[in-house]
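Participant: Below is my_file.json; it holds JSON, C-alpha atoms.
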[["chain", "number", "residue", "atom", "x", "y", "z"],
["A", 1, "MET", "CA", 140.23, 102.36, 241.92],
["A", 2, "ALA", "CA", 139.25, 101.27, 245.43],
["A", 3, "THR", "CA", 135.75, 99.97, 245.95],
["A", 4, "ALA", "CA", 133.54, 101.50, 248.62],
["A", 5, "LYS", "CA", 133.62, 99.59, 251.88],
["A", 6, "ARG", "CA", 130.51, 97.53, 252.52],
["A", 7, "ALA", "CA", 128.63, 97.51, 255.83],
["A", 8, "ILE", "CA", 125.63, 95.84, 257.42],
["A", 9, "THR", "CA", 123.85, 99.19, 257.12],
["A", 10, "ASP", "CA", 124.01, 99.06, 253.29],
["A", 11, "THR", "CA", 120.69, 99.47, 251.50],
["A", 12, "LEU", "CA", 119.40, 99.16, 247.93],
["A", 13, "ALA", "CA", 116.79, 101.39, 246.28],
["A", 14, "LEU", "CA", 113.51, 99.75, 245.28],
["A", 15, "PRO", "CA", 112.29, 100.74, 241.78],
["A", 16, "ASN", "CA", 109.78, 103.56, 241.32],
["A", 17, "SER", "CA", 109.69, 103.98, 245.08],
["A", 18, "PRO", "CA", 111.28, 106.08, 247.85],
["A", 19, "VAL", "CA", 111.85, 102.86, 249.82],
["A", 20, "ARG", "CA", 115.32, 101.46, 250.44],
["A", 21, "ILE", "CA", 115.80, 97.84, 251.53],
["A", 22, "PRO", "CA", 118.66, 96.71, 253.81],
["A", 23, "GLN", "CA", 120.80, 94.46, 251.65],
["A", 24, "LEU", "CA", 121.33, 91.81, 254.32],
["A", 25, "GLY", "CA", 118.16, 90.23, 255.68],
["A", 26, "PHE", "CA", 117.40, 87.70, 258.38],
["A", 27, "GLY", "CA", 115.12, 84.81, 257.42],
["A", 28, "VAL", "CA", 112.78, 83.01, 259.82],
["A", 29, "TYR", "CA", 111.55, 80.18, 257.57],
["A", 30, "LYS", "CA", 110.36, 77.29, 259.78],
["A", 31, "SER", "CA", 111.66, 79.06, 262.88],
["A", 32, "PRO", "CA", 109.46, 77.58, 265.64],
["A", 33, "LYS", "CA", 107.30, 79.91, 267.69],
["A", 34, "THR", "CA", 109.23, 78.83, 270.79],
["A", 35, "VAL", "CA", 112.54, 80.20, 269.51],
["A", 36, "CYS", "CA", 111.67, 82.68, 266.75],
["A", 37, "LYS", "CA", 111.40, 85.71, 269.03],
["A", 38, "ALA", "CA", 114.77, 84.98, 270.66],
["A", 39, "SER", "CA", 116.39, 84.46, 267.25],
["A", 40, "CYS", "CA", 115.04, 87.78, 265.96],
["A", 41, "LEU", "CA", 116.21, 89.58, 269.10],
["A", 42, "GLU", "CA", 119.71, 88.16, 268.62],
["A", 43, "ALA", "CA", 119.68, 89.15, 264.95],
["A", 44, "LEU", "CA", 118.68, 92.70, 265.81],
["A", 45, "ARG", "CA", 121.30, 92.80, 268.57],
["A", 46, "VAL", "CA", 124.14, 91.94, 266.17],
["A", 47, "GLY", "CA", 123.04, 94.50, 263.60],
["A", 48, "TYR", "CA", 120.44, 93.06, 261.22],
["A", 49, "ARG", "CA", 117.76, 95.59, 260.36],
["A", 50, "HIS", "CA", 115.74, 93.44, 257.94],
["A", 51, "ILE", "CA", 113.58, 90.46, 258.94],
["A", 52, "ASP", "CA", 111.78, 88.24, 256.41],
["A", 53, "THR", "CA", 108.72, 86.30, 257.57],
["A", 54, "ALA", "CA", 105.49, 84.99, 255.98],
["A", 55, "GLN", "CA", 101.96, 83.96, 256.85],
["A", 56, "TYR", "CA", 102.95, 80.40, 255.94],
["A", 57, "TYR", "CA", 105.76, 80.42, 258.53],
["A", 58, "GLU", "CA", 103.24, 81.00, 261.34],
["A", 59, "ASN", "CA", 105.63, 83.24, 263.28],
["A", 60, "GLU", "CA", 104.62, 86.78, 262.30],
["A", 61, "GLU", "CA", 103.39, 87.43, 265.84],
["A", 62, "GLU", "CA", 106.75, 86.40, 267.31],
["A", 63, "VAL", "CA", 108.59, 88.70, 264.88],
["A", 64, "GLY", "CA", 106.34, 91.55, 265.97],
["A", 65, "GLN", "CA", 106.98, 90.76, 269.64],
["A", 66, "ALA", "CA", 110.74, 90.77, 269.05],
["A", 67, "LEU", "CA", 110.50, 94.17, 267.40],
["A", 68, "ILE", "CA", 108.71, 95.60, 270.46],
["A", 69, "GLN", "CA", 111.07, 93.93, 272.92],
["A", 70, "SER", "CA", 114.18, 95.06, 271.04],
["A", 71, "GLY", "CA", 113.59, 98.68, 271.96],
["A", 72, "LEU", "CA", 114.17, 99.74, 268.35],
["A", 73, "GLY", "CA", 111.69, 102.02, 266.63],
["A", 74, "ARG", "CA", 109.35, 100.49, 264.07],
["A", 75, "GLN", "CA", 110.92, 102.74, 261.45],
["A", 76, "ASP", "CA", 114.36, 101.31, 262.24],
["A", 77, "VAL", "CA", 113.57, 97.74, 261.15],
["A", 78, "PHE", "CA", 112.55, 96.64, 257.65],
["A", 79, "ILE", "CA", 110.01, 93.82, 257.85],
["A", 80, "THR", "CA", 108.85, 91.66, 254.96],
["A", 81, "THR", "CA", 105.98, 89.20, 254.99],
["A", 82, "LYS", "CA", 104.16, 87.16, 252.34],
["A", 83, "ILE", "CA", 100.72, 85.82, 251.48],
["A", 84, "LEU", "CA", 100.54, 82.29, 250.06],
["A", 85, "THR", "CA", 96.83, 81.77, 249.41],
["A", 86, "PRO", "CA", 94.05, 84.32, 248.78],
["A", 87, "GLY", "CA", 90.65, 84.54, 250.42],
["A", 88, "LYS", "CA", 87.43, 84.03, 248.47],
["A", 89, "ASP", "CA", 87.72, 87.50, 246.91],
["A", 90, "VAL", "CA", 89.96, 90.58, 246.93],
["A", 91, "ALA", "CA", 88.27, 92.01, 250.03],
["A", 92, "GLU", "CA", 88.84, 88.88, 252.09],
["A", 93, "THR", "CA", 92.40, 88.61, 250.76],
["A", 94, "TYR", "CA", 93.05, 92.22, 251.77],
["A", 95, "THR", "CA", 91.78, 91.46, 255.28],
["A", 96, "LYS", "CA", 94.26, 88.59, 255.60],
["A", 97, "CYS", "CA", 97.07, 90.94, 254.62],
["A", 98, "ALA", "CA", 95.92, 93.72, 256.94],
["A", 99, "GLU", "CA", 95.97, 91.25, 259.84],
["A", 100, "SER", "CA", 99.62, 90.52, 259.11],
["A", 101, "ALA", "CA", 100.42, 94.23, 259.05],
["A", 102, "SER", "CA", 98.75, 94.62, 262.43],
["A", 103, "LEU", "CA", 100.94, 91.88, 263.93],
["A", 104, "LEU", "CA", 104.08, 93.52, 262.55],
["A", 105, "GLY", "CA", 103.77, 97.01, 263.98],
["A", 106, "GLY", "CA", 100.86, 98.39, 261.97],
["A", 107, "TYR", "CA", 102.45, 98.16, 258.55],
["A", 108, "VAL", "CA", 104.97, 96.09, 256.63],
["A", 109, "ASP", "CA", 107.87, 97.50, 254.65],
["A", 110, "LEU", "CA", 107.49, 94.87, 251.93],
["A", 111, "PHE", "CA", 104.57, 92.51, 251.24],
["A", 112, "LEU", "CA", 105.07, 89.69, 248.73],
["A", 113, "ILE", "CA", 102.95, 87.10, 246.96],
["A", 114, "HIS", "CA", 104.68, 83.98, 248.26],
["A", 115, "SER", "CA", 104.20, 81.78, 245.17],
["A", 116, "PRO", "CA", 102.55, 81.87, 241.74],
["A", 117, "SER", "CA", 101.43, 78.24, 242.08],
["A", 118, "GLY", "CA", 97.79, 78.96, 242.99],
["A", 119, "GLY", "CA", 96.88, 79.91, 239.41],
["A", 120, "ALA", "CA", 96.09, 83.08, 237.48],
["A", 121, "GLN", "CA", 92.98, 84.09, 239.43],
["A", 122, "ALA", "CA", 94.75, 83.70, 242.78],
["A", 123, "ARG", "CA", 97.73, 85.71, 241.57],
["A", 124, "ARG", "CA", 95.46, 88.53, 240.40],
["A", 125, "MET", "CA", 93.43, 88.62, 243.63],
["A", 126, "MET", "CA", 96.51, 88.70, 245.83],
["A", 127, "TRP", "CA", 98.14, 91.47, 243.79],
["A", 128, "LYS", "CA", 95.01, 93.62, 243.85],
["A", 129, "ALA", "CA", 94.86, 93.16, 247.64],
["A", 130, "LEU", "CA", 98.51, 94.17, 247.98],
["A", 131, "GLU", "CA", 97.91, 97.26, 245.85],
["A", 132, "GLN", "CA", 95.08, 98.25, 248.18],
["A", 133, "LEU", "CA", 97.35, 97.68, 251.16],
["A", 134, "ALA", "CA", 99.94, 99.95, 249.56],
["A", 135, "ASP", "CA", 97.33, 102.61, 248.79],
["A", 136, "GLU", "CA", 96.42, 102.64, 252.49],
["A", 137, "ARG", "CA", 100.11, 102.77, 253.52],
["A", 138, "LYS", "CA", 99.93, 99.45, 255.30],
["A", 139, "ALA", "CA", 102.66, 98.24, 252.94],
["A", 140, "LYS", "CA", 105.46, 100.54, 251.80],
["A", 141, "ALA", "CA", 106.43, 98.28, 248.91],
["A", 142, "ILE", "CA", 104.97, 95.19, 247.25],
["A", 143, "GLY", "CA", 106.47, 92.36, 245.26],
["A", 144, "VAL", "CA", 106.51, 88.67, 244.44],
["A", 145, "SER", "CA", 108.36, 85.48, 245.29],
["A", 146, "ASN", "CA", 109.17, 82.43, 243.17],
["A", 147, "TYR", "CA", 107.95, 84.25, 240.04],
["A", 148, "GLY", "CA", 109.36, 83.45, 236.65],
["A", 149, "ILE", "CA", 109.50, 85.89, 233.74],
["A", 150, "ALA", "CA", 106.11, 84.81, 232.38],
["A", 151, "HIS", "CA", 104.41, 85.47, 235.70],
["A", 152, "ILE", "CA", 105.85, 88.97, 235.94],
["A", 153, "GLU", "CA", 104.87, 89.72, 232.35],
["A", 154, "GLU", "CA", 101.34, 88.45, 233.07],
["A", 155, "MET", "CA", 100.97, 91.12, 235.75],
["A", 156, "LYS", "CA", 100.93, 93.83, 233.07],
["A", 157, "GLU", "CA", 97.36, 92.75, 232.26],
["A", 158, "PHE", "CA", 95.97, 93.89, 235.62],
["A", 159, "ALA", "CA", 98.61, 95.60, 237.77],
["A", 160, "LYS", "CA", 98.53, 99.28, 238.65],
["A", 161, "VAL", "CA", 101.92, 98.85, 240.33],
["A", 162, "TRP", "CA", 104.37, 97.37, 237.81],
["A", 163, "PRO", "CA", 107.07, 96.20, 237.86],
["A", 164, "PRO", "CA", 106.90, 94.59, 241.29],
["A", 165, "HIS", "CA", 109.50, 96.07, 243.59],
["A", 166, "VAL", "CA", 111.08, 92.71, 244.47],
["A", 167, "ASN", "CA", 111.25, 89.10, 243.29],
["A", 168, "GLN", "CA", 112.41, 86.72, 246.02],
["A", 169, "ILE", "CA", 113.77, 83.45, 244.59],
["A", 170, "GLU", "CA", 116.04, 80.59, 245.54],
["A", 171, "LEU", "CA", 119.53, 81.74, 244.65],
["A", 172, "HIS", "CA", 123.03, 80.50, 245.46],
["A", 173, "PRO", "CA", 126.00, 79.37, 243.34],
["A", 174, "TRP", "CA", 124.38, 76.01, 242.50],
["A", 175, "THR", "CA", 121.06, 77.55, 241.38],
["A", 176, "GLN", "CA", 121.59, 80.99, 239.85],
["A", 177, "GLN", "CA", 118.39, 81.41, 237.78],
["A", 178, "ARG", "CA", 120.33, 83.51, 235.30],
["A", 179, "GLU", "CA", 117.50, 84.37, 232.89],
["A", 180, "THR", "CA", 115.14, 85.44, 235.67],
["A", 181, "VAL", "CA", 117.86, 87.52, 237.32],
["A", 182, "LYS", "CA", 118.78, 89.14, 234.00],
["A", 183, "TYR", "CA", 115.13, 90.00, 233.37],
["A", 184, "CYS", "CA", 114.69, 91.45, 236.87],
["A", 185, "ASN", "CA", 117.87, 93.51, 236.56],
["A", 186, "SER", "CA", 116.76, 94.92, 233.21],
["A", 187, "HIS", "CA", 113.42, 96.00, 234.72],
["A", 188, "GLY", "CA", 114.82, 97.39, 237.97],
["A", 189, "ILE", "CA", 113.36, 94.60, 240.11],
["A", 190, "VAL", "CA", 115.46, 93.90, 243.21],
["A", 191, "VAL", "CA", 116.29, 90.19, 243.55],
["A", 192, "GLU", "CA", 116.22, 88.64, 247.01],
["A", 193, "ALA", "CA", 118.01, 85.33, 247.54],
["A", 194, "TYR", "CA", 116.45, 82.75, 249.80],
["A", 195, "CYS", "CA", 118.43, 79.65, 250.79],
["A", 196, "PRO", "CA", 121.65, 81.63, 250.20],
["A", 197, "ILE", "CA", 123.63, 79.22, 252.40],
["A", 198, "VAL", "CA", 121.97, 76.16, 250.74],
["A", 199, "ARG", "CA", 120.60, 75.03, 254.12],
["A", 200, "ASN", "CA", 124.20, 74.25, 255.10],
["A", 201, "ARG", "CA", 124.35, 71.36, 252.61],
["A", 202, "LYS", "CA", 127.48, 72.67, 250.87],
["A", 203, "ALA", "CA", 129.54, 73.41, 253.98],
["A", 204, "HIS", "CA", 132.05, 70.70, 253.00],
["A", 205, "ASP", "CA", 132.16, 71.37, 249.25],
["A", 206, "SER", "CA", 135.86, 71.37, 248.37],
["A", 207, "THR", "CA", 135.69, 74.38, 246.05],
["A", 208, "LEU", "CA", 133.79, 76.44, 248.59],
["A", 209, "VAL", "CA", 136.02, 75.36, 251.47],
["A", 210, "GLY", "CA", 139.11, 76.40, 249.48],
["A", 211, "ILE", "CA", 137.71, 79.85, 248.75],
["A", 212, "ALA", "CA", 136.67, 80.25, 252.39],
["A", 213, "ALA", "CA", 140.22, 79.44, 253.50],
["A", 214, "ARG", "CA", 141.62, 82.09, 251.17],
["A", 215, "CYS", "CA", 139.12, 84.63, 252.50],
["A", 216, "GLY", "CA", 139.69, 83.74, 256.15],
["A", 217, "ALA", "CA", 135.96, 83.09, 256.46],
["A", 218, "THR", "CA", 133.49, 80.24, 256.88],
["A", 219, "PRO", "CA", 131.85, 78.63, 253.82],
["A", 220, "ASN", "CA", 128.49, 80.16, 254.76],
["A", 221, "GLN", "CA", 130.04, 83.60, 255.12],
["A", 222, "VAL", "CA", 131.46, 83.25, 251.62],
["A", 223, "LEU", "CA", 128.04, 82.32, 250.22],
["A", 224, "ILE", "CA", 126.42, 85.36, 251.82],
["A", 225, "ARG", "CA", 129.24, 87.61, 250.65],
["A", 226, "TRP", "CA", 128.86, 86.21, 247.11],
["A", 227, "CYS", "CA", 125.26, 87.40, 247.12],
["A", 228, "LEU", "CA", 126.20, 90.84, 248.38],
["A", 229, "GLN", "CA", 128.91, 91.31, 245.75],
["A", 230, "ARG", "CA", 126.42, 90.34, 243.05],
["A", 231, "GLY", "CA", 123.94, 92.99, 244.20],
["A", 232, "LEU", "CA", 121.46, 90.47, 245.63],
["A", 233, "VAL", "CA", 119.62, 90.64, 248.95],
["A", 234, "PRO", "CA", 120.52, 87.43, 250.83],
["A", 235, "LEU", "CA", 118.21, 86.13, 253.58],
["A", 236, "PRO", "CA", 120.27, 83.69, 255.68],
["A", 237, "LYS", "CA", 118.30, 81.83, 258.34],
["A", 238, "SER", "CA", 119.47, 80.33, 261.63],
["A", 239, "ASP", "CA", 118.17, 79.80, 265.15],
["A", 240, "ASN", "CA", 121.69, 79.26, 266.51],
["A", 241, "PRO", "CA", 122.93, 82.49, 268.19],
["A", 242, "GLU", "CA", 126.56, 81.95, 267.18],
["A", 243, "ARG", "CA", 125.62, 81.30, 263.54],
["A", 244, "ILE", "CA", 123.30, 84.30, 263.52],
["A", 245, "LYS", "CA", 126.30, 86.40, 264.52],
["A", 246, "LEU", "CA", 128.67, 84.74, 262.04],
["A", 247, "ASN", "CA", 126.22, 85.16, 259.16],
["A", 248, "ALA", "CA", 126.20, 88.91, 259.78],
["A", 249, "ASP", "CA", 130.00, 89.11, 260.02],
["A", 250, "VAL", "CA", 130.64, 89.26, 256.27],
["A", 251, "TYR", "CA", 132.14, 92.72, 255.88],
["A", 252, "GLY", "CA", 135.75, 92.13, 256.87],
["A", 253, "PHE", "CA", 136.76, 90.37, 253.65],
["A", 254, "GLU", "CA", 136.12, 90.49, 249.92],
["A", 255, "ILE", "CA", 135.92, 87.58, 247.47],
["A", 256, "SER", "CA", 138.43, 88.07, 244.67],
["A", 257, "GLU", "CA", 137.31, 88.41, 241.07],
["A", 258, "LYS", "CA", 138.86, 85.02, 240.28],
["A", 259, "ASP", "CA", 137.03, 83.28, 243.12],
["A", 260, "MET", "CA", 133.77, 85.02, 242.17],
["A", 261, "GLU", "CA", 134.18, 83.56, 238.69],
["A", 262, "THR", "CA", 134.76, 80.13, 240.20],
["A", 263, "LEU", "CA", 131.60, 80.38, 242.30],
["A", 264, "ASN", "CA", 129.67, 81.67, 239.30],
["A", 265, "GLY", "CA", 130.77, 78.57, 237.42],
["A", 266, "LEU", "CA", 129.14, 76.16, 239.91],
["A", 267, "ASP", "CA", 125.62, 76.71, 238.54],
["A", 268, "GLU", "CA", 123.70, 73.44, 238.07],
["A", 269, "GLY", "CA", 120.38, 75.04, 237.15],
["A", 270, "GLU", "CA", 117.34, 73.05, 238.24],
["A", 271, "ALA", "CA", 119.52, 70.16, 239.41],
["A", 272, "GLY", "CA", 121.09, 72.38, 242.05],
["A", 273, "ALA", "CA", 117.80, 73.67, 243.45],
["A", 274, "LEU", "CA", 116.46, 72.82, 246.88],
["A", 275, "VAL", "CA", 112.95, 73.89, 245.82],
["A", 276, "ALA", "CA", 111.92, 71.57, 243.01],
["A", 277, "SER", "CA", 109.48, 73.98, 241.35],
["A", 278, "VAL", "CA", 111.94, 76.82, 240.77],
["A", 279, "GLU", "CA", 112.68, 76.22, 237.10],
["A", 280, "LYS", "CA", 109.08, 75.20, 236.33],
["A", 281, "TYR", "CA", 107.92, 78.60, 237.48],
["A", 282, "ALA", "CA", 110.57, 80.32, 235.41],
["A", 283, "SER", "CA", 109.63, 78.62, 232.16],
["A", 284, "LYS", "CA", 105.84, 78.84, 231.86],
["A", 285, "LEU", "CA", 102.60, 79.97, 233.39],
["A", 286, "SER", "CA", 100.70, 77.52, 235.57]]
Written as structure tokens, how would this file's structure read?

Facilitator:
Amino acid sequence: MATAKRAITDTLALPNSPVRIPQLGFGVYKSPKTVCKASCLEALRVGYRHIDTAQYYENEEEVGQALIQSGLGRQDVFITTKILTPGKDVAETYTKCAESASLLGGYVDLFLIHSPSGGAQARRMMWKALEQLADERKAKAIGVSNYGIAHIEEMKEFAKVWPPHVNQIELHPWTQQRETVKYCNSHGIVVEAYCPIVRNRKAHDSTLVGIAARCGATPNQVLIRWCLQRGLVPLPKSDNPERIKLNADVYGFEISEKDMETLNGLDEGEAGALVASVEKYASKLS
């Protein structure tokens, strides 16, 4: 039986929500203000319709400017942002979030808690602020990032919106976070993969290079395609126009079942992570 052809316009449904998220996103982590707008414009030009930013990245304004300059309607681009630290209370935290929404066209499609590392009180305050934002339609969907199973379970104690719509975590063949992904899948939580191309550190890995040759693709294209075939939402990042284009050109090939199994077998757990705290978050509350 032939599989349906994939395209850059593919979307996934978010749980308990009418919202659909474009499966391929464009990340702007550490994209400098001086180039971020140009990078986003190039991404939108080649077909991306999903941009992932954050308050911590300090480039929300540039993403918003790119959206205006692109000529696309606000409703045509899915924009995610994140809050890393709360204000002194829920009201002040909400204000911080509303300011981000204002910079990004009046609302965000997805607002995430960036990290659980601030402690239980911070997590609760930020989630309550995001729920208020959603109630006021300044966020269409809300979720979390870098959350382990215990953190998501903790939310049951105070959340009106549960499960979170999304959990954004580091994910690539060398760090697959299998238990967290299994938990999210069983609860209908969409998993977004940051660092899907491992910050280009595996471009010369012999196993990956061999699979890329068989696919007629670059190693980074294979890594992005691996995410797509696993039902993840990859967020590749680049400020190089040619790489931005290449990272979106992942629909003219398919990784074979055998090569998918090979890539799945590269998992090194915590040892393969670029973000040292990944497994710590997954194992216990902090």

Participant: How many Å separate CA of His187 (chain A) from CA of Val19 (chain A)?

Facilitator: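 CA of His187 (chain A) sits 16.7 Å away from CA of Val19 (chain A).
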
Participant: Would you kindly return, as a PyMOL selection string, each protein, DNA or RNA residue with an atom no farther than 6 Å from any atom of region 138-146 of chain A, considering only C-alpha atoms and excluding same-chain residues fewer than 2 positions away?

Facilitator: chain A and resi 107-115+133-134+136+164-169

Participant: Considering only C-alpha atoms, state which residue in the set A:Asn200, A:Thr93, A:Ser100, A:Gln221 is at the smallest distance from Gln132 (chain A).

Facilitator: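 Going through A:Asn200, A:Thr93, A:Ser100, A:Gln221 one by one, the smallest distance to Gln132 (chain A) is for A:Thr93.
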
Participant: Check the smallest atom-to-atom distance from each of A:Ala98, A:Ala43, A:Ile211, A:Leu104 to Thr80 (chain A) using only C-alpha atoms, then report the winner.

Facilitator: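 Among the listed residues, the smallest separation from Thr80 (chain A) belongs to A:Leu104.
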
Participant: Can you tell me, as a PyMOL selection string, what residues are no more than 10 Å from Arg124 (chain A) when counting only C-alpha atoms, ignoring any on the same chain fewer than 6 positions away?

Facilitator: chain A and resi 86+90+116+130+154-155+157-159

Participant: To one decimal place in Å, what is the distance between CA of Arg45 (chain A) and CA of Ser70 (chain A)?

Facilitator: 7.9 Å

Participant: Find the residue from A:Ala54, A:Leu228, A:Cys36, A:Leu72 that sits nearest to Pro22 (chain A); use only C-alpha atoms when measuring.

Facilitator: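 Looking only at the distances to Pro22 (chain A), the closest residue turns out to be A:Leu228.
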
Participant: Would you mind listing what lies within 10 Å of region 217-219 of chain A as a PyMOL selection string, with all atoms listed in the file counted and same-chain residues fewer than 6 positions away left out?

Facilitator: chain A and resi 197+200+202-211+225+246-247+249-250+252-254
